Structures are given as structure tokens and as C-alpha cells.
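Report on the following structure.
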Amino acid sequence: MVKEKVSVKKESFKLSKKIVIIAVLILVVGISATYMKFRLHALPDIDGIECNQMEQAVFHIHAHLDVYVDGQHRTVPEFIGIIPNTCFYWLHTHDPTGIIHIEAPQYKTFTLGQFLDVWSKSFENSGIPTGTPKSYVNGKEFTGDFREIQLNAHDEIVLVYGLPPDSIPISFDFPQNL
């Protein structure tokens, strides 16, 4: 009889232990999911541009940006607008080629100014030169506010700070899939 009581108590203890472990696991998963949801929603929009968990495909085009400072080409960094393991802003770069990926959930006009704001606010070391550059779109000088340059499919945008390069690019050889 005593052995039976001890055996029942051991089984009851094992069952209680399993229930506690399952409850703790459920709690941890719930807290993690809530944290991720909060973290994603806690990232602010930049100029109306959201940071979504996945890249968007409804509106998907690409433009190219070259930056020159005193005649020297500057690399546009990779991963502008990409928060690792978290989200993608609708305007972002994947590599240091200068290709701007415009990937939004709806058709919309985006500007270079919006991209530059995503660059400066989502990238630790922005590297954006200061001052007002001369700007060019597809080889033609843009005389308005460079921040208002619209990002259109396969546009070649050039910003020149200080001395210009020997020649201004008029186009970019986009990969066939872009």
C-alpha cells in the first residue's frame, strides 16, 4: 500500500512537471511572438514608407544611383533600408551596385528624397555627402530640387558633389532579370 502511494505520487509529480514545462514553453513562445509583433510595428515609417516583414511585389521596379564627390565615385552601400531578420523598407538596396529596389504593396510615385531619408534613418553609417549636389537623370541635368527626382524604372540618377567626374553616366546596364 505504501509502495502504491509512493508510485502514485511519483507519477503525479512527473505529470505536474510536464504541465509546468509545457506552460513555460507556451509562455516563452507567446512572449516571443508578442515581442516580434511589437518590434515590427515599432519601426517607424520613413516618409510614408513602411518596413514590412517581406519584400513587396505589387509595384516592383528598379532605378540606379551614382554618387560622385570631387570627381570620385562613391559606393552606394548594400542593405540600405533592410533591417536584418526584421523587415524591408519599400526602397532599399541589396548590394553595393547602386541599384535602388522599389518594391511596394501598391503603385505609387517615390522620390530620391525618400530614398535618401531611408538611407540616413535606417543605416548606421549613412555616408551621404552634405550640401546640394548637381543632379542628372539619364544624362540630363535636373534643375529642380534633387530630392524631388522621381524614381522611375531603369532611370540612371547621378548626384555630383563638388567637382564633376570626367563624364556623367547616361544609363546603367541593369541585369536582365531587373
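Numbering starts fresh at 1 for the residues of each chain in the C-alpha cells, the chains themselves are lettered A, B, ... in the order given, and ligands are numbered from 1 as they appear.
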
Do a neighbour search on Ser120 in chain A at 12 Å with only C-alpha atoms, toss out local chain neighbours closer than 6 positions, and write the hits as an NGL selection string. :A and (46-47 or 76-77 or 80-81 or 92 or 113-114 or 126-130)

Test item: residues at most 10 Å from Glu55 in chain A, only C-alpha atoms, excluding those fewer than 3 positions along its chain, as a list in words: Cys51, Asn52, Val58, His60, Ile82, Cys87, Phe88, Tyr89, Trp90, Leu91, His92, His101, Ile102, Glu103, Ala104 and Pro105 of chain A

Residues of the last selection are to be written out with C-alpha atoms, as an mmCIF file, in the first residue's frame.
```
data_model
loop_
_atom_site.group_PDB
_atom_site.id
_atom_site.type_symbol
_atom_site.label_atom_id
_atom_site.label_comp_id
_atom_site.auth_asym_id
_atom_site.auth_seq_id
_atom_site.Cartn_x
_atom_site.Cartn_y
_atom_site.Cartn_z
ATOM 1 C CA CYS A 51 9.170 48.421 -43.250
ATOM 2 C CA ASN A 52 7.459 45.093 -43.968
ATOM 3 C CA VAL A 58 2.689 44.591 -56.491
ATOM 4 C CA HIS A 60 8.375 46.353 -58.361
ATOM 5 C CA ILE A 82 16.991 46.421 -44.833
ATOM 6 C CA CYS A 87 11.986 43.952 -42.325
ATOM 7 C CA PHE A 88 12.483 45.636 -45.704
ATOM 8 C CA TYR A 89 11.579 49.248 -46.394
ATOM 9 C CA TRP A 90 9.880 49.670 -49.769
ATOM 10 C CA LEU A 91 13.015 51.478 -51.005
ATOM 11 C CA HIS A 92 16.202 49.526 -50.391
ATOM 12 C CA HIS A 101 14.878 48.414 -55.385
ATOM 13 C CA ILE A 102 11.418 49.976 -55.331
ATOM 14 C CA GLU A 103 9.085 47.273 -54.032
ATOM 15 C CA ALA A 104 5.745 48.450 -52.648
ATOM 16 C CA PRO A 105 2.315 46.937 -51.996
#
```

What does the distance between CA of Asp117 in chain A and CA of Glu148 in chain A come to in Å, to one decimal place? 12.2 Å

From A:Val67, A:His94, A:His62, A:Phe79, residue lying nearest Gln176 in chain A [only C-alpha atoms]: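 Using only C-alpha atoms, Gln176 in chain A sits closest to A:His62.
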
Report as a tab-separated table: every residue of range 41-154 of chain A with an atom at most 12 Å from range 165-174 of chain A, its closest pair of atoms, and their distance in Å to one decimal, counting only C-alpha atoms, with rows sorted by chain and ascending residue number.
```
residue	atom	partner	partner_atom	distance
A:Ile61	CA	A:Phe174	CA	11.3
A:His62	CA	A:Phe174	CA	8.7
A:Ala63	CA	A:Phe172	CA	8.8
A:His64	CA	A:Phe172	CA	6.8
A:Leu65	CA	A:Phe172	CA	9.1
A:Asp66	CA	A:Pro169	CA	8.2
A:Val67	CA	A:Pro165	CA	10.0
A:Tyr68	CA	A:Pro165	CA	6.9
A:Val69	CA	A:Pro165	CA	8.4
A:Asp70	CA	A:Pro165	CA	7.3
A:Gly71	CA	A:Pro165	CA	4.0
A:Gln72	CA	A:Pro165	CA	6.6
A:His73	CA	A:Pro165	CA	7.9
A:Arg74	CA	A:Pro165	CA	11.3
A:Thr97	CA	A:Phe174	CA	9.9
A:Gly98	CA	A:Phe172	CA	9.7
A:Ile99	CA	A:Phe174	CA	8.3
A:Ile100	CA	A:Phe174	CA	11.1
A:His101	CA	A:Phe174	CA	11.8
A:Lys134	CA	A:Ile168	CA	10.9
A:Ser135	CA	A:Ile168	CA	9.9
A:Tyr136	CA	A:Ile168	CA	8.0
A:Val137	CA	A:Ile170	CA	7.4
A:Asn138	CA	A:Ile170	CA	4.4
A:Gly139	CA	A:Ile170	CA	3.9
A:Lys140	CA	A:Ile170	CA	7.7
A:Glu141	CA	A:Ile168	CA	9.6
A:Ala153	CA	A:Phe174	CA	10.4
A:His154	CA	A:Phe174	CA	7.4
```

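When only C-alpha atoms are used to compute distances to Phe59 in chain A, the closest of the residues A:Tyr161, A:Thr93, A:Lys108, A:Thr75 turns out to be A:Lys108.
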
Restricting the calculation to only C-alpha atoms, which member of A:Pro164, A:Phe115, A:Leu178, A:Thr132 is positioned closest to Gly144 in chain A?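 Nearest to Gly144 in chain A: A:Thr132.
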
re CA of Gly48 in chain A and CA of Thr111 in chain A: distance 11.6 Å

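Here CA of Glu78 in chain A stands at a distance of 25.1 Å from CA of Leu163 in chain A.
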